[in-house]
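As structure tokens, the structure follows; a few thoughts come after it.
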Amino acid sequence: MLAGYQFRGQSMPSRLHRLIYVSRSSNVLGEDADAEIHRIVAVSTGKNRTIDVTGLLLAHQGWFLQALEGPSAEVSGLMGRISRDPRHRRVHTLCADMVDERLFNDWNMVGARLGPEADPVLTELGQIARFDAGGLNAAAALQLLVFAADHQRRREREGLGLPRRIA
């Protein structure tokens with residue numbers, strides 16, 4: 001998992017939009033994909049903070065799965081830039097909905113990778129033998145993103161020496 005960044009803003013619920021997309025990563029990432037993903041997250045965090053967008057970028061076995069939350073115009077604009085980004089191939093939007101609350105409000109952007117702790121959820125989603133994010137539907141993608149977010153929150157709390165659960 002990559003480090004997350006604290007979110008400070010809050011959108012009005014009536015304007016809140018959540019978009020989830022999947023794409024294949026291209027060879028443009030280079031040999032040190034983790035370092036490149038860390039750079040993507042660092043740049044995205046600063047930009048997203050100014051436009052009130054939160055989200056999580058999951059990178060696993062050559063796939064990107066990302067949730068973006070914020071004002072509709074800003075999320076749509078980001079999605080347009082992502083679809084033209086040479087680091088992505090076969091960008092496919094799984095869902096784009098108005099929502100009442102953010103699920104990834106802890107971060108303007110956080111990067112996550114899946115490890116062995118994700119095996120039970122990957123098994124449940126039929127993704128354990130060969131991961132294929134392109135075969136996920138919107139509900140399964142959201143389930144995987146929420147799992148990654150919960151795991152990231154636990155890692156951050158442990159890193160601060162806090163208990164695993166909030167009372």
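Simple scheme: letters A, B, ... for chains in structure tokens order, numbers from 1 for residues in each chain, numbers from 1 for ligands in the order shown.
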Can you tell me which residues surround Arg102 (chain A) at a distance of at most 8 Å, considering only C-alpha atoms, apart from same-chain residues fewer than 5 positions away, and format the answer as a PDB file with C-alpha atoms, in the first residue's frame?
ATOM      1  CA  LEU A  16     -21.525  14.745  -4.963  1.00  0.00           C
ATOM      2  CA  ARG A  18     -18.817   9.067  -7.636  1.00  0.00           C
ATOM      3  CA  THR A  54     -11.338  12.464  -3.078  1.00  0.00           C
ATOM      4  CA  GLU A  69     -15.667  11.493  -5.666  1.00  0.00           C
TER       5      GLU A  69
END
Could you write out, as a PyMOL selection string, all the residues of chain A that DSSP marks as strand (DSSP E)? chain A and resi 16-25+54-60+63-71+88-98+110-113
Store the residues picked out above in a file with N, CA and C atoms, as a compact mmCIF listing (two decimals), in the first residue's frame.
# COMPACT_ATOMS: atom_id res chain seq x y z
N LEU A 16 -22.56 15.77 -5.08
CA LEU A 16 -21.52 14.74 -4.96
C LEU A 16 -21.71 13.65 -6.01
N HIS A 17 -20.64 13.39 -6.72
CA HIS A 17 -20.64 12.43 -7.82
C HIS A 17 -19.54 11.40 -7.54
N ARG A 18 -19.84 10.12 -7.75
CA ARG A 18 -18.82 9.07 -7.64
C ARG A 18 -18.71 8.36 -8.98
N LEU A 19 -17.47 8.25 -9.45
CA LEU A 19 -17.19 7.57 -10.69
C LEU A 19 -16.16 6.48 -10.39
N ILE A 20 -16.39 5.28 -10.91
CA ILE A 20 -15.44 4.18 -10.78
C ILE A 20 -15.10 3.72 -12.19
N TYR A 21 -13.80 3.61 -12.46
CA TYR A 21 -13.36 3.13 -13.77
C TYR A 21 -12.29 2.07 -13.59
N VAL A 22 -12.06 1.32 -14.65
CA VAL A 22 -11.01 0.32 -14.71
C VAL A 22 -10.22 0.56 -15.99
N SER A 23 -8.91 0.29 -15.93
CA SER A 23 -8.08 0.38 -17.13
C SER A 23 -6.89 -0.55 -16.97
N ARG A 24 -6.27 -0.86 -18.09
CA ARG A 24 -5.01 -1.60 -18.09
C ARG A 24 -3.89 -0.57 -18.01
N SER A 25 -2.86 -0.88 -17.26
CA SER A 25 -1.71 0.02 -17.25
C SER A 25 -0.88 -0.26 -18.49
N THR A 54 -11.97 13.50 -3.88
CA THR A 54 -11.34 12.46 -3.08
C THR A 54 -11.33 11.18 -3.89
N GLY A 55 -10.51 10.21 -3.46
CA GLY A 55 -10.53 8.95 -4.19
C GLY A 55 -9.45 7.99 -3.78
N LEU A 56 -9.48 6.84 -4.44
CA LEU A 56 -8.53 5.77 -4.21
C LEU A 56 -8.16 5.16 -5.55
N LEU A 57 -6.85 4.97 -5.77
CA LEU A 57 -6.33 4.34 -6.97
C LEU A 57 -5.74 3.00 -6.57
N LEU A 58 -6.33 1.92 -7.05
CA LEU A 58 -5.86 0.57 -6.78
C LEU A 58 -5.12 0.08 -8.00
N ALA A 59 -3.88 -0.34 -7.81
CA ALA A 59 -3.07 -0.90 -8.88
C ALA A 59 -2.76 -2.35 -8.52
N HIS A 60 -3.10 -3.27 -9.44
CA HIS A 60 -2.88 -4.69 -9.15
C HIS A 60 -2.73 -5.46 -10.46
N TRP A 63 -3.45 -3.76 -13.73
CA TRP A 63 -4.75 -3.09 -13.82
C TRP A 63 -4.79 -1.88 -12.91
N PHE A 64 -5.56 -0.88 -13.30
CA PHE A 64 -5.93 0.23 -12.43
C PHE A 64 -7.43 0.13 -12.19
N LEU A 65 -7.82 0.34 -10.95
CA LEU A 65 -9.21 0.45 -10.56
C LEU A 65 -9.27 1.67 -9.67
N GLN A 66 -10.09 2.64 -10.03
CA GLN A 66 -10.09 3.90 -9.29
C GLN A 66 -11.50 4.41 -9.05
N ALA A 67 -11.67 4.99 -7.86
CA ALA A 67 -12.89 5.72 -7.50
C ALA A 67 -12.52 7.18 -7.37
N LEU A 68 -13.35 8.04 -7.94
CA LEU A 68 -13.22 9.49 -7.81
C LEU A 68 -14.53 10.02 -7.26
N GLU A 69 -14.46 10.92 -6.28
CA GLU A 69 -15.67 11.49 -5.67
C GLU A 69 -15.51 13.00 -5.58
N GLY A 70 -16.56 13.71 -5.93
CA GLY A 70 -16.52 15.16 -5.84
C GLY A 70 -17.59 15.78 -6.71
N PRO A 71 -17.47 17.09 -6.95
CA PRO A 71 -18.42 17.78 -7.81
C PRO A 71 -18.41 17.17 -9.22
N HIS A 88 -2.66 4.73 -19.31
CA HIS A 88 -3.88 3.91 -19.28
C HIS A 88 -4.21 3.40 -20.68
N ARG A 89 -4.68 2.15 -20.73
CA ARG A 89 -5.22 1.56 -21.96
C ARG A 89 -6.59 1.00 -21.61
N ARG A 90 -7.47 0.98 -22.58
CA ARG A 90 -8.81 0.38 -22.42
C ARG A 90 -9.53 0.91 -21.17
N VAL A 91 -9.62 2.21 -21.06
CA VAL A 91 -10.32 2.84 -19.94
C VAL A 91 -11.82 2.58 -20.10
N HIS A 92 -12.43 2.07 -19.02
CA HIS A 92 -13.85 1.74 -19.06
C HIS A 92 -14.52 2.22 -17.77
N THR A 93 -15.52 3.05 -17.89
CA THR A 93 -16.27 3.52 -16.73
C THR A 93 -17.25 2.44 -16.30
N LEU A 94 -17.16 2.03 -15.02
CA LEU A 94 -18.06 1.01 -14.48
C LEU A 94 -19.33 1.62 -13.92
N CYS A 95 -19.21 2.80 -13.31
CA CYS A 95 -20.39 3.49 -12.82
C CYS A 95 -20.06 4.97 -12.63
N ALA A 96 -21.07 5.77 -12.75
CA ALA A 96 -20.98 7.22 -12.52
C ALA A 96 -22.32 7.63 -11.95
N ASP A 97 -22.37 7.84 -10.65
CA ASP A 97 -23.62 8.08 -9.94
C ASP A 97 -23.53 9.27 -9.00
N MET A 98 -24.69 9.85 -8.74
CA MET A 98 -24.78 10.83 -7.66
C MET A 98 -24.92 10.03 -6.37
N VAL A 110 -5.34 8.36 -2.66
CA VAL A 110 -4.46 7.40 -2.02
C VAL A 110 -4.22 6.28 -3.02
N GLY A 111 -3.02 5.75 -3.00
CA GLY A 111 -2.69 4.62 -3.85
C GLY A 111 -2.67 3.35 -3.03
N ALA A 112 -3.15 2.28 -3.58
CA ALA A 112 -3.19 1.01 -2.87
C ALA A 112 -2.76 -0.12 -3.80
N ARG A 113 -2.15 -1.13 -3.21
CA ARG A 113 -1.80 -2.37 -3.90
C ARG A 113 -2.42 -3.50 -3.08
Chain A: which residues are helix (DSSP H, G or I) by DSSP, as a PyMOL selection string? chain A and resi 13-15+27-29+33-51+72-84+116-124+133-135+138-159
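Counting from CA of Ser72 (chain A), the distance to CA of Ser44 (chain A) is 17.1 Å.
One finds CA of Asn137 (chain A) at 18.3 Å from CA of Asp119 (chain A).
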Fewer than 5 positions away in the same chain doesn't count, so skip those; otherwise give me all residues within 12 Å of Glu124 (chain A), counting only C-alpha atoms, as a PyMOL selection string. chain A and resi 118-119+129+136+140+143-144
Same residues, C-alpha atoms, output as a PDB file, in the first residue's frame:
ATOM      1  CA  ALA A 118      -6.989  -9.491  -0.084  1.00  0.00           C
ATOM      2  CA  ASP A 119      -7.181 -13.198  -0.979  1.00  0.00           C
ATOM      3  CA  ALA A 129      -6.714 -17.485  -9.818  1.00  0.00           C
ATOM      4  CA  LEU A 136     -15.623  -6.758 -12.527  1.00  0.00           C
ATOM      5  CA  ALA A 140     -17.680  -5.922  -7.227  1.00  0.00           C
ATOM      6  CA  GLN A 143     -16.424  -3.879  -2.848  1.00  0.00           C
ATOM      7  CA  LEU A 144     -12.741  -4.274  -3.748  1.00  0.00           C
TER       8      LEU A 144
END
Distance of CA of Gly161 (chain A) from CA of Arg39 (chain A), expressed in Å to one decimal place: 26.2 Å
